[in-house]
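Student: Next comes the structure file entry-v3.cif, holding mmCIF, C-alpha atoms.
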```cif
data_entry
#
loop_
_atom_site.label_atom_id
_atom_site.label_comp_id
_atom_site.auth_asym_id
_atom_site.auth_seq_id
_atom_site.Cartn_x
_atom_site.Cartn_y
_atom_site.Cartn_z
CA MET M 19 -123.52 153.17 -28.34
CA ALA M 20 -122.42 153.81 -31.85
CA THR M 21 -119.67 156.34 -32.16
CA GLU M 22 -119.44 159.00 -34.81
CA THR M 23 -118.63 156.40 -37.42
CA ASN M 24 -121.77 156.98 -39.39
CA ILE M 25 -121.26 157.86 -42.98
CA GLN M 26 -124.39 158.64 -44.82
CA LYS M 27 -124.18 157.27 -48.30
CA ARG M 28 -124.62 160.17 -50.65
CA GLU M 29 -126.17 159.81 -54.03
CA THR M 30 -124.89 162.05 -56.83
CA PRO M 31 -127.30 164.55 -58.17
CA LEU M 32 -127.38 164.41 -61.94
CA ALA M 33 -124.19 166.28 -62.64
CA GLN M 34 -122.81 167.79 -65.79
CA THR M 35 -121.35 164.46 -66.79
CA GLU M 36 -123.91 161.71 -66.83
CA PRO M 37 -123.00 158.07 -66.64
CA VAL M 38 -123.67 155.78 -69.56
CA ARG M 39 -124.73 152.94 -67.31
CA GLY M 40 -128.06 153.31 -65.61
CA GLY M 41 -128.64 152.79 -61.91
CA PRO M 42 -127.75 154.83 -58.87
CA LEU M 43 -124.34 156.41 -58.53
CA TYR M 44 -122.86 157.14 -55.12
CA ILE M 45 -120.21 159.53 -53.91
CA PRO M 46 -117.65 157.69 -51.84
CA ALA M 47 -116.58 159.27 -48.56
CA VAL M 48 -112.89 160.14 -48.75
CA ASP M 49 -109.97 161.12 -46.59
CA ILE M 50 -107.12 163.05 -48.14
CA ALA M 51 -103.90 163.19 -46.21
CA GLU M 52 -100.37 164.26 -46.84
CA ARG M 53 -97.20 162.64 -45.70
CA GLY M 54 -93.67 163.38 -46.75
CA HIS M 55 -93.41 162.64 -50.43
CA GLU M 56 -97.03 161.91 -51.28
CA LEU M 57 -100.70 162.67 -50.93
CA LEU M 58 -102.92 159.78 -49.92
CA LEU M 59 -106.51 159.54 -51.00
CA MET M 60 -108.63 156.92 -49.27
CA ALA M 61 -112.15 156.25 -50.51
CA ASP M 62 -114.83 153.96 -49.09
CA MET M 63 -116.03 151.77 -51.92
CA PRO M 64 -117.65 148.69 -50.38
CA GLY M 65 -118.46 145.94 -52.83
CA VAL M 66 -115.96 147.06 -55.46
CA ARG M 67 -113.45 144.48 -56.65
CA ALA M 68 -109.94 145.41 -57.66
CA ASP M 69 -110.64 144.68 -61.34
CA ALA M 70 -113.70 146.94 -61.32
CA VAL M 71 -111.85 150.13 -60.39
CA ASP M 72 -111.07 152.74 -62.97
CA ILE M 73 -108.76 155.60 -62.09
CA GLN M 74 -108.14 158.34 -64.60
CA CYS M 75 -105.95 161.34 -64.35
CA GLU M 76 -105.95 163.91 -67.04
CA ARG M 77 -105.69 167.68 -67.31
CA GLY M 78 -105.50 168.18 -63.60
CA THR M 79 -108.50 166.06 -62.64
CA LEU M 80 -108.47 162.69 -61.00
CA THR M 81 -111.54 160.49 -61.36
CA ILE M 82 -112.11 157.35 -59.38
CA HIS M 83 -114.87 155.03 -60.46
CA GLY M 84 -115.78 151.68 -58.96
CA LYS M 85 -118.34 149.46 -60.57
CA VAL M 86 -120.70 147.52 -58.33
CA GLU M 87 -122.95 144.84 -59.69
CA PRO M 88 -126.31 144.47 -57.94
CA ARG M 89 -126.06 141.90 -55.17
CA GLN M 90 -129.76 141.13 -55.04
CA ASP M 91 -132.59 141.25 -57.46
CA VAL M 92 -134.10 144.40 -56.01
CA GLU M 93 -137.46 143.88 -57.68
CA HIS M 94 -138.05 140.43 -56.28
CA THR M 95 -136.48 140.67 -52.85
CA ASN M 96 -138.68 140.74 -49.81
CA TYR M 97 -136.93 143.54 -47.88
CA LEU M 98 -137.59 143.90 -44.18
CA LEU M 99 -135.15 146.77 -43.83
CA ARG M 100 -133.55 148.75 -46.59
CA GLU M 101 -131.22 151.43 -45.35
CA TYR M 102 -128.85 151.80 -48.29
CA GLY M 103 -128.80 151.37 -52.01
CA VAL M 104 -126.25 149.52 -54.10
CA GLY M 105 -124.60 151.07 -57.12
CA ASP M 106 -121.40 152.43 -58.60
CA PHE M 107 -119.12 154.85 -56.79
CA ARG M 108 -117.67 157.82 -58.61
CA ARG M 109 -115.96 161.02 -57.65
CA THR M 110 -113.72 163.55 -59.36
CA PHE M 111 -111.00 165.65 -57.76
CA GLN M 112 -108.91 168.53 -58.92
CA ILE M 113 -105.28 167.85 -58.42
CA GLY M 114 -102.65 170.50 -58.75
CA GLU M 115 -99.62 170.52 -60.95
CA GLY M 116 -97.57 169.34 -58.06
CA ILE M 117 -98.54 165.70 -58.56
CA ASP M 118 -96.42 163.38 -60.63
CA ALA M 119 -99.29 161.86 -62.64
CA ALA M 120 -97.15 159.15 -64.19
CA LYS M 121 -96.41 157.65 -60.80
CA ILE M 122 -99.91 157.46 -59.35
CA ALA M 123 -100.53 154.05 -57.82
CA ALA M 124 -103.55 152.53 -56.10
CA GLU M 125 -104.61 149.54 -54.05
CA LEU M 126 -107.94 148.22 -52.84
CA ARG M 127 -108.35 146.47 -49.51
CA GLU M 128 -111.53 145.58 -47.65
CA GLY M 129 -113.55 147.92 -49.80
CA VAL M 130 -111.24 150.90 -49.26
CA LEU M 131 -109.43 152.32 -52.26
CA THR M 132 -106.12 153.98 -51.48
CA VAL M 133 -104.58 156.16 -54.17
CA HIS M 134 -100.98 157.27 -53.77
CA LEU M 135 -100.30 160.61 -55.42
CA PRO M 136 -96.56 161.26 -55.39
CA LYS M 137 -95.49 164.86 -55.29
CA ALA M 138 -93.56 166.07 -58.30
CA PRO M 139 -89.81 166.01 -57.60
CA GLU M 140 -89.47 169.78 -57.88
CA LEU M 141 -91.85 170.20 -54.96
CA MET M 142 -90.11 167.81 -52.68
CA PRO M 143 -88.48 169.43 -49.70
CA ARG M 144 -84.79 169.43 -50.24
CA LYS M 145 -82.14 169.65 -47.68
CA ILE M 146 -79.64 172.32 -48.53
CA ALA M 147 -76.18 171.46 -47.55
CA VAL M 148 -74.27 174.35 -46.09
CA LYS M 149 -70.69 174.43 -47.12
CA ALA M 150 -68.27 175.29 -44.49
CA ASN M 151 -65.86 178.03 -45.33
CA VAL M 152 -62.54 176.45 -45.75
CA MET X 6 -135.08 172.01 -17.36
CA TRP X 7 -136.26 169.96 -14.42
CA PRO X 8 -139.91 170.20 -13.57
CA THR X 9 -140.63 171.66 -10.20
CA ILE X 10 -141.76 169.07 -7.74
CA ARG X 11 -144.96 170.04 -6.11
CA MET X 12 -145.87 168.41 -2.88
CA ASN X 13 -149.23 166.91 -3.16
CA ARG X 14 -151.29 166.70 -0.08
CA TRP X 15 -152.79 163.38 -1.08
CA SER X 16 -149.72 161.55 -2.22
CA ALA X 17 -148.57 158.90 0.14
CA SER X 18 -145.13 160.36 0.44
CA PRO X 19 -143.13 163.08 -1.28
CA PHE X 20 -140.97 160.33 -2.76
CA ASP X 21 -143.86 158.82 -4.69
CA GLU X 22 -144.46 162.15 -6.32
CA LEU X 23 -140.76 162.57 -7.07
CA ARG X 24 -140.68 159.14 -8.63
CA ARG X 25 -143.70 159.84 -10.79
CA GLN X 26 -142.18 163.05 -12.07
CA MET X 27 -138.85 161.35 -12.75
CA ASP X 28 -140.61 158.63 -14.73
CA ARG X 29 -142.26 161.26 -16.84
CA VAL X 30 -138.96 162.98 -17.58
CA LEU X 31 -137.39 159.67 -18.57
CA ASP X 32 -140.35 158.77 -20.78
CA ASP X 33 -140.00 162.05 -22.64
CA PHE X 34 -136.32 161.34 -23.09
CA ASN X 35 -136.93 157.87 -24.51
CA VAL X 36 -139.53 159.11 -26.94
CA GLY X 37 -137.01 161.67 -28.13
CA LEU X 38 -134.49 158.96 -28.94
CA ALA X 39 -136.93 156.75 -30.78
CA ARG X 40 -138.12 159.50 -33.07
CA PRO X 41 -136.48 159.43 -36.47
CA GLY X 42 -134.35 162.47 -36.95
CA PRO X 43 -130.78 163.63 -36.75
CA LEU X 44 -130.17 161.45 -33.70
CA SER X 45 -131.13 158.21 -35.37
CA ARG X 46 -128.53 158.83 -38.07
CA ALA X 47 -125.82 157.99 -35.58
CA VAL X 48 -126.68 154.33 -36.23
CA TYR X 49 -123.90 152.44 -37.93
CA PRO X 50 -123.69 150.39 -40.03
CA ALA X 51 -126.66 150.80 -42.34
CA LEU X 52 -128.33 147.46 -42.97
CA ASN X 53 -130.31 145.75 -45.65
CA VAL X 54 -132.34 142.85 -44.32
CA TRP X 55 -134.47 140.53 -46.37
CA ASP X 56 -136.46 137.36 -46.03
CA ALA X 57 -135.36 134.59 -48.38
CA GLY X 58 -137.87 131.95 -47.35
CA ASP X 59 -135.99 129.58 -45.04
CA THR X 60 -133.29 132.13 -44.32
CA LEU X 61 -133.04 135.73 -43.20
CA CYS X 62 -130.25 137.71 -44.87
CA VAL X 63 -128.53 140.71 -43.36
CA GLU X 64 -126.07 142.78 -45.35
CA ALA X 65 -123.95 145.73 -44.25
CA GLU X 66 -121.36 147.89 -45.92
CA ILE X 67 -118.42 148.17 -43.55
CA PRO X 68 -115.40 149.17 -45.62
CA GLY X 69 -112.08 149.15 -43.83
CA VAL X 70 -113.13 146.80 -41.05
CA ALA X 71 -110.70 143.90 -40.82
CA LYS X 72 -112.03 140.39 -40.26
CA GLY X 73 -110.37 140.22 -36.87
CA ASP X 74 -112.04 143.44 -35.75
CA LEU X 75 -115.57 142.20 -36.27
CA GLU X 76 -117.74 140.16 -33.90
CA ILE X 77 -121.15 138.77 -34.73
CA TYR X 78 -123.55 137.28 -32.21
CA ALA X 79 -126.90 135.65 -32.85
CA ILE X 80 -129.10 134.78 -29.90
CA GLY X 81 -132.75 133.85 -30.30
CA ASN X 82 -134.11 136.52 -32.59
CA GLU X 83 -131.41 139.06 -31.94
CA LEU X 84 -128.37 139.81 -34.07
CA THR X 85 -125.48 141.90 -32.80
CA LEU X 86 -122.76 143.35 -35.00
CA LYS X 87 -119.80 144.74 -33.17
CA GLY X 88 -116.68 146.08 -34.75
CA ARG X 89 -113.99 148.63 -35.05
CA ARG X 90 -112.43 150.51 -37.90
CA ALA X 91 -108.85 151.30 -37.16
CA GLU X 92 -107.42 154.67 -37.95
CA LEU X 93 -104.48 154.83 -40.27
CA SER X 94 -101.46 154.78 -38.06
CA GLY X 95 -97.76 154.87 -38.56
CA GLU X 96 -96.29 157.89 -40.23
CA LYS X 97 -97.45 161.33 -39.35
CA LEU X 98 -100.29 162.36 -41.61
CA THR X 99 -101.65 165.82 -42.20
CA TYR X 100 -105.31 165.61 -43.15
CA HIS X 101 -106.70 167.91 -45.80
CA ARG X 102 -110.09 166.29 -45.80
CA GLN X 103 -111.60 163.77 -43.44
CA GLU X 104 -115.00 162.35 -44.26
CA ARG X 105 -114.51 158.74 -43.27
CA GLY X 106 -114.94 158.01 -39.64
CA ALA X 107 -113.01 155.61 -37.49
CA GLY X 108 -113.82 154.02 -34.19
CA GLU X 109 -116.07 151.40 -32.68
CA PHE X 110 -119.63 150.51 -33.45
CA THR X 111 -122.30 148.19 -32.11
CA ARG X 112 -125.64 147.55 -33.69
CA VAL X 113 -128.30 145.21 -32.37
CA ILE X 114 -131.33 144.31 -34.42
CA THR X 115 -134.35 142.25 -33.60
CA LEU X 116 -135.25 139.76 -36.29
CA PRO X 117 -138.85 138.84 -37.05
CA THR X 118 -138.29 135.18 -36.17
CA GLU X 119 -135.98 133.07 -34.06
CA VAL X 120 -132.93 131.82 -35.93
CA ASP X 121 -130.84 128.68 -35.72
CA ALA X 122 -127.74 130.26 -34.19
CA ASP X 123 -125.59 127.17 -34.88
CA ARG X 124 -126.04 127.45 -38.60
CA VAL X 125 -125.53 131.17 -39.08
CA ASP X 126 -122.84 131.97 -41.58
CA ALA X 127 -121.17 135.27 -42.29
CA VAL X 128 -118.89 136.38 -45.11
CA LEU X 129 -116.90 139.59 -45.27
CA ARG X 130 -115.81 140.43 -48.77
CA ASP X 131 -114.59 143.71 -50.26
CA GLY X 132 -116.02 145.59 -47.30
CA VAL X 133 -119.48 144.03 -47.53
CA LEU X 134 -120.69 141.79 -44.74
CA SER X 135 -123.33 139.19 -45.60
CA VAL X 136 -124.91 137.19 -42.81
CA ARG X 137 -127.25 134.31 -43.54
CA LEU X 138 -129.43 133.23 -40.65
CA PRO X 139 -131.49 130.07 -41.15
CA LYS X 140 -134.84 130.38 -39.44
CA ALA X 141 -135.35 128.15 -36.43
CA GLU X 142 -137.39 125.00 -37.11
CA SER X 143 -140.11 126.28 -34.81
CA ALA X 144 -140.44 129.44 -36.89
CA LYS X 145 -140.91 127.68 -40.20
CA PRO X 146 -144.41 127.30 -41.52
CA ARG X 147 -145.58 123.74 -41.29
CA LYS X 148 -148.09 122.10 -43.46
CA ILE X 149 -150.70 120.29 -41.48
CA ALA X 150 -151.68 116.96 -42.91
CA LEU X 151 -155.39 116.30 -42.82
CA LYS X 152 -156.47 112.93 -41.63
CA ALA X 153 -159.12 111.22 -43.61
CA VAL X 154 -161.85 109.93 -41.37
#
```
Would you give me this structure, written as structure tokens?

Tutor:
Amino acid sequence: MATETNIQKRETPLAQTEPVRGGPLYIPAVDIAERGHELLLMADMPGVRADAVDIQCERGTLTIHGKVEPRQDVEHTNYLLREYGVGDFRRTFQIGEGIDAAKIAAELREGVLTVHLPKAPELMPRKIAVKANV
Amino acid sequence: MWPTIRMNRWSASPFDELRRQMDRVLDDFNVGLARPGPLSRAVYPALNVWDAGDTLCVEAEIPGVAKGDLEIYAIGNELTLKGRRAELSGEKLTYHRQERGAGEFTRVITLPTEVDADRVDAVLRDGVLSVRLPKAESAKPRKIALKAV
């Protein structure tokens, strides 16, 4: 039996910002987690190559965009089963001031984009040394 | 709720009646599963399947599944995809948002023709699995030569 792994691929409704390129646009499923000094954002972007990812961070918003070229000629393919569509992935997040935007880094592995969002140094937990009274 | 079992004077034995009623309950249950609806969405992964003449092509988006965690079986006209997406382990993570699932999946599909299991090839690239299944010789259309008399 399949476990709860199902992720329905969501298509973006025409939002305020419309893409220049035609074709469907999908919202990647994401996990956002925190550990020690950073936030981790993991997004499912199957079919996206590392050179086709665009990550932008400005004025408190982070946008991830992965371009996906069609893998089949949809018009002339004799589909027996068609359960998902193929197209770009895009999603925008609000990130607080607590992120050090200059140090954002990302990697793409097996169709999963991982963005590392380091916390700004002033927000890092600091250990306060207690001076002993001499 | 279980249906009440009524003893029928003409049934050969009470067990026959019980069995008949049980069969009916199970039939209802099976119909419920086959109906498209919220239940059928638990199927993973979603597949695109197409007929490319001599070959059947199956494609699935399975981001985050490592090559070693995926098994593919082709027998006759049946294709089985079995895999596992590992959860991020290691350091302690506090999740703020969790939309991506993790765990095991199995999906079996019946293909419209028999395939040549020895020549099936599968590629996993950037989280997209593409399986090419050449149709079995017996399933290919054959042109019949007419003999001149």

Student: May I ask you to extract the residues of chain M within 10 Å of chain X, using all atoms listed in the file, and to give them as a PyMOL selection string?

Tutor: chain M and resi 19-27+46-54+57-68+89-90+95-104+126-131

Student: Using only C-alpha atoms, which residues sit within 12 Å of Ala119 of chain M once same-chain residues fewer than 2 positions away are excluded, as a count of residues only?

Tutor: 25

Student: Looking at X:Leu75, X:Thr118, X:Val128, X:Leu86, which one is nearest to Ser143 of chain X, with distances taken over all atoms listed in the file?

Tutor: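 Of the candidates, the smallest distance to Ser143 of chain X is held by X:Thr118.
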
Student: Need the shell around Glu29 of chain M: protein/DNA/RNA residues with any atom at most 9 Å away, counting all atoms listed in the file. Skip same-chain ones fewer than 2 positions apart. Format as a PyMOL selection string?

Tutor: chain M and resi 27+31+42-45
